>>> print(open('final03.txt').read())   # compact mmCIF, N, CA and C atoms
# COMPACT_ATOMS: atom_id res chain seq x y z
N MET A 18 68.63 -29.83 11.21
CA MET A 18 67.81 -29.77 12.43
C MET A 18 68.73 -29.89 13.65
N ASP A 19 68.47 -29.10 14.65
CA ASP A 19 69.23 -29.09 15.89
C ASP A 19 69.06 -30.43 16.61
N ASP A 20 70.18 -31.05 17.07
CA ASP A 20 70.13 -32.34 17.74
C ASP A 20 69.40 -32.29 19.07
N ARG A 21 69.31 -31.11 19.69
CA ARG A 21 68.66 -31.01 21.01
C ARG A 21 67.14 -31.06 20.90
N VAL A 22 66.60 -30.92 19.67
CA VAL A 22 65.17 -30.83 19.48
C VAL A 22 64.59 -32.22 19.22
N ALA A 23 63.68 -32.64 20.05
CA ALA A 23 63.05 -33.95 19.89
C ALA A 23 61.89 -33.85 18.91
N THR A 24 61.73 -34.90 18.12
CA THR A 24 60.59 -34.98 17.23
C THR A 24 59.47 -35.69 17.98
N LEU A 25 58.32 -35.05 18.02
CA LEU A 25 57.20 -35.57 18.79
C LEU A 25 56.38 -36.57 17.98
N LYS A 26 56.06 -37.69 18.59
CA LYS A 26 55.13 -38.66 18.02
C LYS A 26 54.29 -39.19 19.17
N LEU A 27 52.99 -38.90 19.12
CA LEU A 27 52.07 -39.32 20.17
C LEU A 27 50.90 -40.08 19.56
N ILE A 28 50.41 -41.09 20.26
CA ILE A 28 49.23 -41.83 19.84
C ILE A 28 48.24 -41.81 20.99
N ALA A 29 46.97 -41.55 20.66
CA ALA A 29 45.91 -41.55 21.68
C ALA A 29 44.86 -42.59 21.31
N LEU A 30 44.50 -43.40 22.31
CA LEU A 30 43.46 -44.41 22.12
C LEU A 30 42.31 -44.23 23.11
N ASP A 31 42.34 -43.11 23.85
CA ASP A 31 41.27 -42.81 24.79
C ASP A 31 41.22 -41.30 25.03
N ARG A 32 40.24 -40.86 25.82
CA ARG A 32 40.06 -39.44 26.08
C ARG A 32 41.29 -38.81 26.74
N GLU A 33 41.89 -39.51 27.69
CA GLU A 33 43.04 -38.97 28.40
C GLU A 33 44.22 -38.76 27.45
N GLY A 34 44.46 -39.71 26.56
CA GLY A 34 45.53 -39.56 25.57
C GLY A 34 45.25 -38.40 24.62
N LEU A 35 43.98 -38.24 24.25
CA LEU A 35 43.60 -37.15 23.37
C LEU A 35 43.81 -35.79 24.05
N GLU A 36 43.63 -35.74 25.37
CA GLU A 36 43.88 -34.50 26.11
C GLU A 36 45.36 -34.11 26.03
N VAL A 37 46.26 -35.09 26.03
CA VAL A 37 47.69 -34.81 25.91
C VAL A 37 47.98 -34.26 24.51
N ILE A 38 47.41 -34.90 23.49
CA ILE A 38 47.59 -34.41 22.12
C ILE A 38 47.01 -33.01 21.99
N SER A 39 45.85 -32.76 22.58
CA SER A 39 45.23 -31.44 22.52
C SER A 39 46.15 -30.38 23.11
N ALA A 40 46.79 -30.69 24.23
CA ALA A 40 47.70 -29.73 24.86
C ALA A 40 48.88 -29.39 23.93
N HIS A 41 49.39 -30.39 23.23
CA HIS A 41 50.53 -30.16 22.33
C HIS A 41 50.13 -29.46 21.04
N THR A 42 48.86 -29.56 20.66
CA THR A 42 48.42 -28.94 19.40
C THR A 42 47.73 -27.60 19.61
N GLN A 43 47.62 -27.14 20.85
CA GLN A 43 47.00 -25.84 21.10
C GLN A 43 47.76 -24.76 20.34
N ASN A 44 47.03 -23.93 19.62
CA ASN A 44 47.56 -22.83 18.80
C ASN A 44 48.32 -23.28 17.55
N THR A 45 47.96 -24.47 17.05
CA THR A 45 48.50 -24.91 15.77
C THR A 45 47.83 -24.11 14.66
N CYS A 46 48.63 -23.58 13.75
CA CYS A 46 48.11 -22.84 12.59
C CYS A 46 47.86 -23.84 11.46
N VAL A 47 46.62 -23.84 10.96
CA VAL A 47 46.19 -24.80 9.94
C VAL A 47 45.52 -24.04 8.80
N LYS A 48 45.93 -24.31 7.58
CA LYS A 48 45.20 -23.77 6.43
C LYS A 48 44.00 -24.67 6.18
N ARG A 49 42.90 -24.05 5.81
CA ARG A 49 41.69 -24.81 5.52
C ARG A 49 41.98 -25.90 4.49
N SER A 50 42.81 -25.60 3.49
CA SER A 50 43.13 -26.56 2.45
C SER A 50 44.02 -27.70 2.94
N ASP A 51 44.57 -27.59 4.15
CA ASP A 51 45.42 -28.64 4.70
C ASP A 51 44.68 -29.60 5.63
N MET A 52 43.35 -29.64 5.47
CA MET A 52 42.52 -30.62 6.16
C MET A 52 41.91 -31.51 5.09
N ALA A 53 41.98 -32.83 5.30
CA ALA A 53 41.47 -33.75 4.28
C ALA A 53 40.66 -34.86 4.91
N TRP A 54 39.48 -35.10 4.35
CA TRP A 54 38.59 -36.20 4.74
C TRP A 54 38.78 -37.28 3.69
N LEU A 55 39.22 -38.46 4.13
CA LEU A 55 39.47 -39.59 3.24
C LEU A 55 38.46 -40.69 3.59
N PRO A 56 37.23 -40.59 3.06
CA PRO A 56 36.16 -41.48 3.50
C PRO A 56 36.42 -42.97 3.27
N ARG A 57 37.07 -43.33 2.19
CA ARG A 57 37.34 -44.76 1.93
C ARG A 57 38.30 -45.34 2.95
N GLN A 58 39.17 -44.49 3.49
CA GLN A 58 40.13 -44.93 4.51
C GLN A 58 39.61 -44.70 5.93
N HIS A 59 38.43 -44.09 6.04
CA HIS A 59 37.87 -43.72 7.36
C HIS A 59 38.88 -42.89 8.14
N ARG A 60 39.44 -41.89 7.46
CA ARG A 60 40.52 -41.09 8.03
C ARG A 60 40.29 -39.61 7.77
N PHE A 61 40.67 -38.78 8.76
CA PHE A 61 40.68 -37.33 8.62
C PHE A 61 42.07 -36.87 9.01
N VAL A 62 42.69 -36.03 8.17
CA VAL A 62 44.06 -35.60 8.39
C VAL A 62 44.13 -34.07 8.42
N VAL A 63 44.91 -33.57 9.35
CA VAL A 63 45.14 -32.13 9.50
C VAL A 63 46.65 -31.90 9.52
N ALA A 64 47.12 -31.07 8.60
CA ALA A 64 48.54 -30.67 8.59
C ALA A 64 48.61 -29.23 9.07
N GLY A 65 49.60 -28.92 9.87
CA GLY A 65 49.72 -27.55 10.36
C GLY A 65 51.08 -27.27 10.95
N MET A 66 51.21 -26.06 11.44
CA MET A 66 52.44 -25.63 12.11
C MET A 66 52.14 -25.52 13.61
N ARG A 67 52.58 -26.54 14.34
CA ARG A 67 52.31 -26.65 15.77
C ARG A 67 53.26 -25.77 16.56
N TYR A 68 52.72 -25.02 17.53
CA TYR A 68 53.57 -24.24 18.43
C TYR A 68 54.23 -25.22 19.38
N ASP A 69 55.55 -25.17 19.49
CA ASP A 69 56.30 -26.09 20.35
C ASP A 69 56.34 -25.54 21.77
N TRP A 70 55.34 -25.91 22.56
CA TRP A 70 55.22 -25.43 23.93
C TRP A 70 56.38 -25.88 24.79
N VAL A 71 56.81 -27.13 24.63
CA VAL A 71 57.89 -27.68 25.45
C VAL A 71 59.21 -27.01 25.10
N GLY A 72 59.52 -26.91 23.81
CA GLY A 72 60.77 -26.30 23.37
C GLY A 72 60.87 -24.84 23.75
N ALA A 73 59.74 -24.13 23.79
CA ALA A 73 59.74 -22.70 24.11
C ALA A 73 60.17 -22.43 25.54
N LYS A 74 60.10 -23.45 26.41
CA LYS A 74 60.51 -23.25 27.81
C LYS A 74 62.02 -23.15 27.96
N THR A 75 62.76 -23.76 27.03
CA THR A 75 64.21 -23.77 27.15
C THR A 75 64.93 -23.15 25.96
N GLY A 76 64.21 -22.85 24.90
CA GLY A 76 64.84 -22.30 23.70
C GLY A 76 63.94 -21.28 23.03
N PRO A 77 64.21 -21.02 21.76
CA PRO A 77 63.41 -20.03 21.04
C PRO A 77 61.99 -20.53 20.77
N ALA A 78 61.05 -19.59 20.66
CA ALA A 78 59.67 -19.93 20.33
C ALA A 78 59.63 -20.36 18.86
N GLU A 79 59.20 -21.60 18.62
CA GLU A 79 59.19 -22.14 17.26
C GLU A 79 57.88 -22.84 16.97
N ARG A 80 57.62 -22.96 15.67
CA ARG A 80 56.53 -23.79 15.18
C ARG A 80 57.17 -24.95 14.43
N VAL A 81 56.54 -26.11 14.53
CA VAL A 81 57.05 -27.30 13.86
C VAL A 81 55.94 -27.88 13.00
N ALA A 82 56.29 -28.27 11.77
CA ALA A 82 55.32 -28.90 10.87
C ALA A 82 54.88 -30.23 11.47
N SER A 83 53.58 -30.43 11.56
CA SER A 83 53.04 -31.65 12.16
C SER A 83 51.82 -32.14 11.40
N ILE A 84 51.55 -33.41 11.59
CA ILE A 84 50.38 -34.07 11.02
C ILE A 84 49.56 -34.63 12.17
N LEU A 85 48.28 -34.38 12.14
CA LEU A 85 47.33 -34.91 13.12
C LEU A 85 46.40 -35.84 12.34
N ARG A 86 46.45 -37.14 12.64
CA ARG A 86 45.69 -38.13 11.89
C ARG A 86 44.64 -38.79 12.79
N PHE A 87 43.40 -38.76 12.31
CA PHE A 87 42.28 -39.37 13.02
C PHE A 87 41.82 -40.58 12.21
N ASP A 88 41.81 -41.76 12.82
CA ASP A 88 41.36 -42.97 12.16
C ASP A 88 40.01 -43.40 12.70
N ARG A 89 39.36 -44.32 11.95
CA ARG A 89 38.04 -44.87 12.29
C ARG A 89 36.96 -43.79 12.29
N VAL A 90 37.11 -42.85 11.36
CA VAL A 90 36.17 -41.74 11.23
C VAL A 90 35.03 -42.16 10.32
N LEU A 91 33.80 -41.99 10.80
CA LEU A 91 32.62 -42.37 10.04
C LEU A 91 31.99 -41.21 9.28
N LYS A 92 32.08 -40.02 9.85
CA LYS A 92 31.44 -38.86 9.25
C LYS A 92 32.14 -37.60 9.72
N VAL A 93 32.18 -36.59 8.83
CA VAL A 93 32.80 -35.30 9.17
C VAL A 93 31.78 -34.20 8.91
N SER A 94 31.63 -33.30 9.85
CA SER A 94 30.79 -32.11 9.65
C SER A 94 31.54 -30.91 10.21
N HIS A 95 31.11 -29.72 9.79
CA HIS A 95 31.82 -28.52 10.23
C HIS A 95 30.85 -27.36 10.34
N LEU A 96 31.30 -26.38 11.09
CA LEU A 96 30.54 -25.15 11.29
C LEU A 96 31.49 -23.98 11.09
N GLY A 97 31.21 -23.13 10.14
CA GLY A 97 32.00 -21.93 9.92
C GLY A 97 33.02 -22.03 8.80
N LEU A 98 33.38 -23.22 8.38
CA LEU A 98 34.42 -23.36 7.36
C LEU A 98 33.95 -22.98 5.96
N GLU A 99 32.67 -23.14 5.69
CA GLU A 99 32.16 -22.87 4.34
C GLU A 99 32.34 -21.42 3.92
N ARG A 100 32.44 -20.52 4.87
CA ARG A 100 32.59 -19.09 4.54
C ARG A 100 34.05 -18.70 4.31
N LEU A 101 34.97 -19.62 4.51
CA LEU A 101 36.39 -19.29 4.42
C LEU A 101 37.00 -19.71 3.09
N ASP A 102 37.96 -18.92 2.63
CA ASP A 102 38.77 -19.25 1.47
C ASP A 102 39.62 -20.48 1.82
N SER A 103 39.97 -21.29 0.81
CA SER A 103 40.74 -22.51 1.06
C SER A 103 42.12 -22.23 1.65
N GLU A 104 42.66 -21.02 1.43
CA GLU A 104 43.98 -20.68 1.97
C GLU A 104 43.89 -19.94 3.30
N ALA A 105 42.70 -19.80 3.85
CA ALA A 105 42.54 -19.14 5.15
C ALA A 105 43.26 -19.93 6.23
N THR A 106 43.94 -19.23 7.14
CA THR A 106 44.64 -19.88 8.24
C THR A 106 43.76 -19.88 9.48
N LEU A 107 43.66 -21.05 10.09
CA LEU A 107 42.85 -21.25 11.29
C LEU A 107 43.76 -21.52 12.48
N ASN A 108 43.28 -21.20 13.66
CA ASN A 108 44.02 -21.43 14.89
C ASN A 108 43.31 -22.54 15.67
N LEU A 109 43.97 -23.70 15.77
CA LEU A 109 43.40 -24.83 16.52
C LEU A 109 43.55 -24.57 18.01
N LEU A 110 42.43 -24.52 18.71
CA LEU A 110 42.45 -24.22 20.14
C LEU A 110 42.42 -25.48 21.01
N ALA A 111 41.64 -26.50 20.59
CA ALA A 111 41.51 -27.71 21.41
C ALA A 111 40.96 -28.85 20.58
N VAL A 112 41.26 -30.07 21.04
CA VAL A 112 40.71 -31.29 20.47
C VAL A 112 40.09 -32.06 21.63
N THR A 113 38.80 -32.33 21.55
CA THR A 113 38.10 -32.99 22.65
C THR A 113 37.31 -34.20 22.15
N PHE A 114 36.89 -35.06 23.07
CA PHE A 114 36.11 -36.24 22.74
C PHE A 114 34.88 -36.32 23.63
N GLU A 115 33.75 -36.59 23.00
CA GLU A 115 32.49 -36.79 23.72
C GLU A 115 31.95 -38.16 23.35
N LYS A 116 31.74 -39.03 24.34
CA LYS A 116 31.20 -40.37 24.09
C LYS A 116 29.74 -40.27 23.68
N THR A 117 29.35 -41.11 22.73
CA THR A 117 27.94 -41.22 22.35
C THR A 117 27.44 -42.62 22.67
N ASP A 118 28.08 -43.63 22.10
CA ASP A 118 27.77 -45.03 22.34
C ASP A 118 29.11 -45.76 22.47
N PRO A 119 29.69 -45.72 23.71
CA PRO A 119 31.06 -46.18 23.90
C PRO A 119 31.35 -47.51 23.21
N PRO A 120 32.51 -47.58 22.53
CA PRO A 120 33.61 -46.61 22.52
C PRO A 120 33.44 -45.50 21.48
N ALA A 121 32.34 -45.50 20.74
CA ALA A 121 32.10 -44.48 19.71
C ALA A 121 31.84 -43.11 20.33
N GLY A 122 32.01 -42.09 19.51
CA GLY A 122 31.74 -40.75 20.00
C GLY A 122 32.06 -39.70 18.96
N MET A 123 32.22 -38.48 19.43
CA MET A 123 32.51 -37.32 18.58
C MET A 123 33.82 -36.69 19.03
N ILE A 124 34.71 -36.50 18.07
CA ILE A 124 35.92 -35.72 18.32
C ILE A 124 35.65 -34.34 17.76
N ILE A 125 35.85 -33.33 18.57
CA ILE A 125 35.61 -31.94 18.19
C ILE A 125 36.96 -31.23 18.07
N LEU A 126 37.20 -30.64 16.90
CA LEU A 126 38.36 -29.78 16.69
C LEU A 126 37.84 -28.36 16.76
N ALA A 127 38.20 -27.66 17.83
CA ALA A 127 37.73 -26.30 18.04
C ALA A 127 38.79 -25.32 17.55
N PHE A 128 38.44 -24.58 16.51
CA PHE A 128 39.29 -23.53 15.98
C PHE A 128 38.72 -22.20 16.45
N ALA A 129 39.48 -21.13 16.37
CA ALA A 129 38.97 -19.80 16.73
C ALA A 129 37.88 -19.43 15.72
N GLY A 130 36.61 -19.61 16.10
CA GLY A 130 35.48 -19.24 15.25
C GLY A 130 34.89 -20.36 14.42
N GLU A 131 35.52 -21.53 14.36
CA GLU A 131 35.03 -22.63 13.56
C GLU A 131 35.14 -23.94 14.34
N LEU A 132 34.33 -24.93 13.94
CA LEU A 132 34.37 -26.26 14.55
C LEU A 132 34.38 -27.31 13.46
N VAL A 133 35.10 -28.40 13.71
CA VAL A 133 35.03 -29.60 12.88
C VAL A 133 34.65 -30.73 13.82
N ARG A 134 33.62 -31.50 13.42
CA ARG A 134 33.15 -32.61 14.26
C ARG A 134 33.37 -33.91 13.50
N LEU A 135 34.04 -34.85 14.15
CA LEU A 135 34.30 -36.15 13.57
C LEU A 135 33.51 -37.20 14.34
N GLU A 136 32.63 -37.92 13.65
CA GLU A 136 31.96 -39.06 14.28
C GLU A 136 32.90 -40.24 14.12
N VAL A 137 33.30 -40.85 15.25
CA VAL A 137 34.30 -41.91 15.22
C VAL A 137 33.80 -43.19 15.89
N GLU A 138 34.34 -44.32 15.42
CA GLU A 138 34.04 -45.61 16.06
C GLU A 138 34.66 -45.66 17.45
N CYS A 139 35.84 -45.05 17.57
CA CYS A 139 36.58 -44.99 18.82
C CYS A 139 37.70 -43.96 18.64
N VAL A 140 38.39 -43.64 19.71
CA VAL A 140 39.51 -42.70 19.64
C VAL A 140 40.73 -43.45 19.11
N GLU A 141 41.24 -43.00 17.98
CA GLU A 141 42.48 -43.52 17.41
C GLU A 141 43.13 -42.36 16.66
N VAL A 142 44.05 -41.68 17.34
CA VAL A 142 44.62 -40.43 16.85
C VAL A 142 46.14 -40.47 16.97
N GLU A 143 46.82 -39.91 15.96
CA GLU A 143 48.27 -39.81 16.00
C GLU A 143 48.68 -38.38 15.70
N LEU A 144 49.62 -37.87 16.48
CA LEU A 144 50.26 -36.59 16.23
C LEU A 144 51.72 -36.89 15.94
N ARG A 145 52.20 -36.38 14.79
CA ARG A 145 53.59 -36.64 14.40
C ARG A 145 54.21 -35.37 13.85
N ASP A 146 55.37 -35.01 14.41
CA ASP A 146 56.14 -33.89 13.87
C ASP A 146 56.85 -34.35 12.60
N MET A 147 56.94 -33.42 11.64
CA MET A 147 57.55 -33.74 10.35
C MET A 147 58.95 -33.15 10.19
N GLY A 148 59.40 -32.37 11.17
CA GLY A 148 60.78 -31.91 11.17
C GLY A 148 61.00 -30.43 10.89
N LEU A 149 60.30 -29.84 9.93
CA LEU A 149 60.50 -28.43 9.60
C LEU A 149 60.18 -27.55 10.80
N ARG A 150 61.12 -26.68 11.16
CA ARG A 150 60.92 -25.76 12.28
C ARG A 150 61.14 -24.34 11.79
N LEU A 151 60.26 -23.43 12.24
CA LEU A 151 60.36 -22.02 11.87
C LEU A 151 60.14 -21.17 13.12
N PRO A 152 60.70 -19.96 13.16
CA PRO A 152 60.41 -19.06 14.28
C PRO A 152 58.89 -18.86 14.39
N ALA A 153 58.40 -18.85 15.62
CA ALA A 153 56.95 -18.71 15.85
C ALA A 153 56.49 -17.29 15.58
N GLU A 154 55.38 -17.19 14.90
CA GLU A 154 54.69 -15.92 14.69
C GLU A 154 53.26 -16.11 15.16
N ALA A 155 52.55 -15.03 15.37
CA ALA A 155 51.16 -15.10 15.81
C ALA A 155 50.32 -15.80 14.76
N CYS A 156 49.28 -16.49 15.23
CA CYS A 156 48.32 -17.17 14.37
C CYS A 156 47.00 -16.42 14.47
N PRO A 157 46.20 -16.34 13.40
CA PRO A 157 44.92 -15.63 13.50
C PRO A 157 44.10 -16.12 14.69
N GLY A 158 43.51 -15.17 15.37
CA GLY A 158 42.68 -15.51 16.53
C GLY A 158 43.44 -15.61 17.84
N HIS A 159 44.78 -15.46 17.77
CA HIS A 159 45.54 -15.56 19.01
C HIS A 159 46.92 -14.95 18.84
N ALA A 160 47.25 -13.97 19.64
CA ALA A 160 48.59 -13.37 19.60
C ALA A 160 49.50 -14.16 20.53
N LEU A 161 50.73 -14.37 20.12
CA LEU A 161 51.69 -15.05 20.99
C LEU A 161 52.09 -14.11 22.10
N THR A 162 52.33 -14.69 23.27
CA THR A 162 52.81 -13.92 24.41
C THR A 162 54.28 -14.23 24.62
N ASP A 163 54.94 -13.41 25.38
CA ASP A 163 56.35 -13.63 25.68
C ASP A 163 56.47 -14.83 26.60
N THR A 164 57.01 -15.94 26.08
CA THR A 164 57.14 -17.15 26.88
C THR A 164 58.40 -17.15 27.72
N SER A 165 59.30 -16.20 27.53
CA SER A 165 60.53 -16.19 28.30
C SER A 165 60.28 -15.88 29.78
N ALA A 166 59.16 -15.22 30.07
CA ALA A 166 58.83 -14.88 31.45
C ALA A 166 58.13 -16.02 32.18
N VAL A 167 57.76 -17.08 31.43
CA VAL A 167 57.02 -18.19 32.04
C VAL A 167 57.96 -19.16 32.66
>>> encode(input="final03.txt", output="structure tokens")
Amino acid sequence: MDDRVATLKLIALDREGLEVISAHTQNTCVKRSDMAWLPRQHRFVVAGMRYDWVGAKTGPAERVASILRFDRVLKVSHLGLERLDSEATLNLLAVTFEKTDPPAGMIILAFAGELVRLEVECVEVELRDMGLRLPAEACPGHALTDTSAV
């Protein structure tokens, strides 16, 4: 791994922190089979290849293997995933939080064409890079643009 590349680790405990994580995970490619609901642990985990927005400003466009972990999850529901093969690749567009009975609420993972809704006691989310980096390619639902002009 290149020494100039920082490994990202972010923790969010409120809506504002989740907005930062959402910005870093925009256009993450996720296989349907790489999402796991662990009800006994009250945890939902998403593994994917995150587009490195920060690194693309000064170096090559890359994707980095990352884990997005949601804790204190009470229930998981989804819209659109049942029609997809387990190896289908999804494009994560945004992660948002809507309060229901503060601090409880709903975390919404918006994919291109699909949604996952997590009922949570509170916001407790971690984004962690796992180190593997690959040249960025387009993800379904979104073509990459030339970032060198930005």
>>> closest_residue(input="final03.txt", among="A:Val140, A:Ala105, A:Ala78, A:Ile28", to="A:Asp51", atoms="only C-alpha atoms")
A:Ala105
>>> residues_around(input="final03.txt", residues="A:Leu107", least_positions_apart="4", cutoff="5 Å", atoms="all atoms listed in the file", output="list in words")
Cys46, Val47 and Lys48 of chain A
>>> closest_residue(input="final03.txt", among="A:Glu138, A:His41, A:Phe87, A:Ala29", to="A:Val71", atoms="all atoms listed in the file")
A:His41
>>> residues_around(input="final03.txt", residues="A:Ile125", least_positions_apart="3", cutoff="8 Å", atoms="only N, CA and C atoms", output="number ranges by chain")
A: 111-115, 122, 128, 132-136
>>> write_last_selection(input="final03.txt", atoms="N, CA and C atoms", output="mmCIF file, keeping the file's coordinate frame")
data_model
loop_
_atom_site.group_PDB
_atom_site.id
_atom_site.type_symbol
_atom_site.label_atom_id
_atom_site.label_comp_id
_atom_site.auth_asym_id
_atom_site.auth_seq_id
_atom_site.Cartn_x
_atom_site.Cartn_y
_atom_site.Cartn_z
ATOM 1 N N ALA A 111 41.640 -26.500 20.590
ATOM 2 C CA ALA A 111 41.510 -27.710 21.410
ATOM 3 C C ALA A 111 40.960 -28.850 20.580
ATOM 4 N N VAL A 112 41.260 -30.070 21.040
ATOM 5 C CA VAL A 112 40.710 -31.290 20.470
ATOM 6 C C VAL A 112 40.090 -32.060 21.630
ATOM 7 N N THR A 113 38.800 -32.330 21.550
ATOM 8 C CA THR A 113 38.100 -32.990 22.650
ATOM 9 C C THR A 113 37.310 -34.200 22.150
ATOM 10 N N PHE A 114 36.890 -35.060 23.070
ATOM 11 C CA PHE A 114 36.110 -36.240 22.740
ATOM 12 C C PHE A 114 34.880 -36.320 23.630
ATOM 13 N N GLU A 115 33.750 -36.590 23.000
ATOM 14 C CA GLU A 115 32.490 -36.790 23.720
ATOM 15 C C GLU A 115 31.950 -38.160 23.350
ATOM 16 N N GLY A 122 32.010 -42.090 19.510
ATOM 17 C CA GLY A 122 31.740 -40.750 20.000
ATOM 18 C C GLY A 122 32.060 -39.700 18.960
ATOM 19 N N PHE A 128 38.440 -24.580 16.510
ATOM 20 C CA PHE A 128 39.290 -23.530 15.980
ATOM 21 C C PHE A 128 38.720 -22.200 16.450
ATOM 22 N N LEU A 132 34.330 -24.930 13.940
ATOM 23 C CA LEU A 132 34.370 -26.260 14.550
ATOM 24 C C LEU A 132 34.380 -27.310 13.460
ATOM 25 N N VAL A 133 35.100 -28.400 13.710
ATOM 26 C CA VAL A 133 35.030 -29.600 12.880
ATOM 27 C C VAL A 133 34.650 -30.730 13.820
ATOM 28 N N ARG A 134 33.620 -31.500 13.420
ATOM 29 C CA ARG A 134 33.150 -32.610 14.260
ATOM 30 C C ARG A 134 33.370 -33.910 13.500
ATOM 31 N N LEU A 135 34.040 -34.850 14.150
ATOM 32 C CA LEU A 135 34.300 -36.150 13.570
ATOM 33 C C LEU A 135 33.510 -37.200 14.340
ATOM 34 N N GLU A 136 32.630 -37.920 13.650
ATOM 35 C CA GLU A 136 31.960 -39.060 14.280
ATOM 36 C C GLU A 136 32.900 -40.240 14.120
#
>>> closest_residue(input="final03.txt", among="A:Leu35, A:Met66, A:Ala53, A:Ala121", to="A:Val81", atoms="all atoms listed in the file")
A:Met66
>>> select_by_dssp(input="final03.txt", residues="stretch 21-154 of chain A", states="helix (DSSP H, G or I)", output="ChimeraX atom specification")
/A:32-42,49-51,56-58,70-73,98-100
>>> closest_residue(input="final03.txt", among="A:Lys92, A:Arg86, A:Arg145, A:Arg49", to="A:Val63", atoms="only N, CA and C atoms")
A:Arg86
>>> atom_distance(input="final03.txt", atom1="atom CA of A:Gln58", atom2="atom N of A:Leu91")
9.4 Å
>>> residues_around(input="final03.txt", residues="A:Arg150", least_positions_apart="6", cutoff="6.5 Å", atoms="all atoms listed in the file", output="list of chain:residue names")
A:Glu79, A:Arg80, A:Val81, A:Ala82
>>> decode(input="final03.txt", residues="stretch 86-100 of chain A", atoms="N, CA and C atoms", output="mmCIF file, in the first residue's frame")
data_model
loop_
_atom_site.group_PDB
_atom_site.id
_atom_site.type_symbol
_atom_site.label_atom_id
_atom_site.label_comp_id
_atom_site.auth_asym_id
_atom_site.auth_seq_id
_atom_site.Cartn_x
_atom_site.Cartn_y
_atom_site.Cartn_z
ATOM 1 N N ARG A 86 -20.525 -0.180 9.451
ATOM 2 C CA ARG A 86 -21.168 -0.928 10.526
ATOM 3 C C ARG A 86 -22.174 -0.045 11.265
ATOM 4 N N PHE A 87 -23.397 -0.555 11.372
ATOM 5 C CA PHE A 87 -24.470 0.135 12.079
ATOM 6 C C PHE A 87 -24.781 -0.655 13.341
ATOM 7 N N ASP A 88 -24.689 -0.023 14.504
ATOM 8 C CA ASP A 88 -25.000 -0.675 15.769
ATOM 9 C C ASP A 88 -26.319 -0.160 16.321
ATOM 10 N N ARG A 89 -26.854 -0.902 17.315
ATOM 11 C CA ARG A 89 -28.118 -0.583 17.982
ATOM 12 C C ARG A 89 -29.299 -0.635 17.015
ATOM 13 N N VAL A 90 -29.216 -1.581 16.078
ATOM 14 C CA VAL A 90 -30.257 -1.755 15.069
ATOM 15 C C VAL A 90 -31.332 -2.688 15.618
ATOM 16 N N LEU A 91 -32.579 -2.244 15.562
ATOM 17 C CA LEU A 91 -33.700 -3.023 16.080
ATOM 18 C C LEU A 91 -34.417 -3.829 15.001
ATOM 19 N N LYS A 92 -34.462 -3.275 13.799
ATOM 20 C CA LYS A 92 -35.198 -3.923 12.716
ATOM 21 C C LYS A 92 -34.633 -3.459 11.382
ATOM 22 N N VAL A 93 -34.672 -4.363 10.387
ATOM 23 C CA VAL A 93 -34.197 -4.040 9.039
ATOM 24 C C VAL A 93 -35.313 -4.346 8.050
ATOM 25 N N SER A 94 -35.575 -3.426 7.151
ATOM 26 C CA SER A 94 -36.521 -3.680 6.060
ATOM 27 C C SER A 94 -35.909 -3.125 4.779
ATOM 28 N N HIS A 95 -36.445 -3.580 3.647
ATOM 29 C CA HIS A 95 -35.871 -3.146 2.376
ATOM 30 C C HIS A 95 -36.947 -3.081 1.311
ATOM 31 N N LEU A 96 -36.618 -2.342 0.279
ATOM 32 C CA LEU A 96 -37.503 -2.190 -0.868
ATOM 33 C C LEU A 96 -36.664 -2.385 -2.123
ATOM 34 N N GLY A 97 -37.010 -3.368 -2.927
ATOM 35 C CA GLY A 97 -36.333 -3.589 -4.192
ATOM 36 C C GLY A 97 -35.276 -4.675 -4.174
ATOM 37 N N LEU A 98 -34.787 -5.066 -3.021
ATOM 38 C CA LEU A 98 -33.708 -6.059 -2.966
ATOM 39 C C LEU A 98 -34.177 -7.469 -3.272
ATOM 40 N N GLU A 99 -35.430 -7.770 -2.984
ATOM 41 C CA GLU A 99 -35.930 -9.144 -3.173
ATOM 42 C C GLU A 99 -35.884 -9.588 -4.630
ATOM 43 N N ARG A 100 -35.891 -8.657 -5.555
ATOM 44 C CA ARG A 100 -35.875 -9.004 -6.980
ATOM 45 C C ARG A 100 -34.461 -9.207 -7.512
#
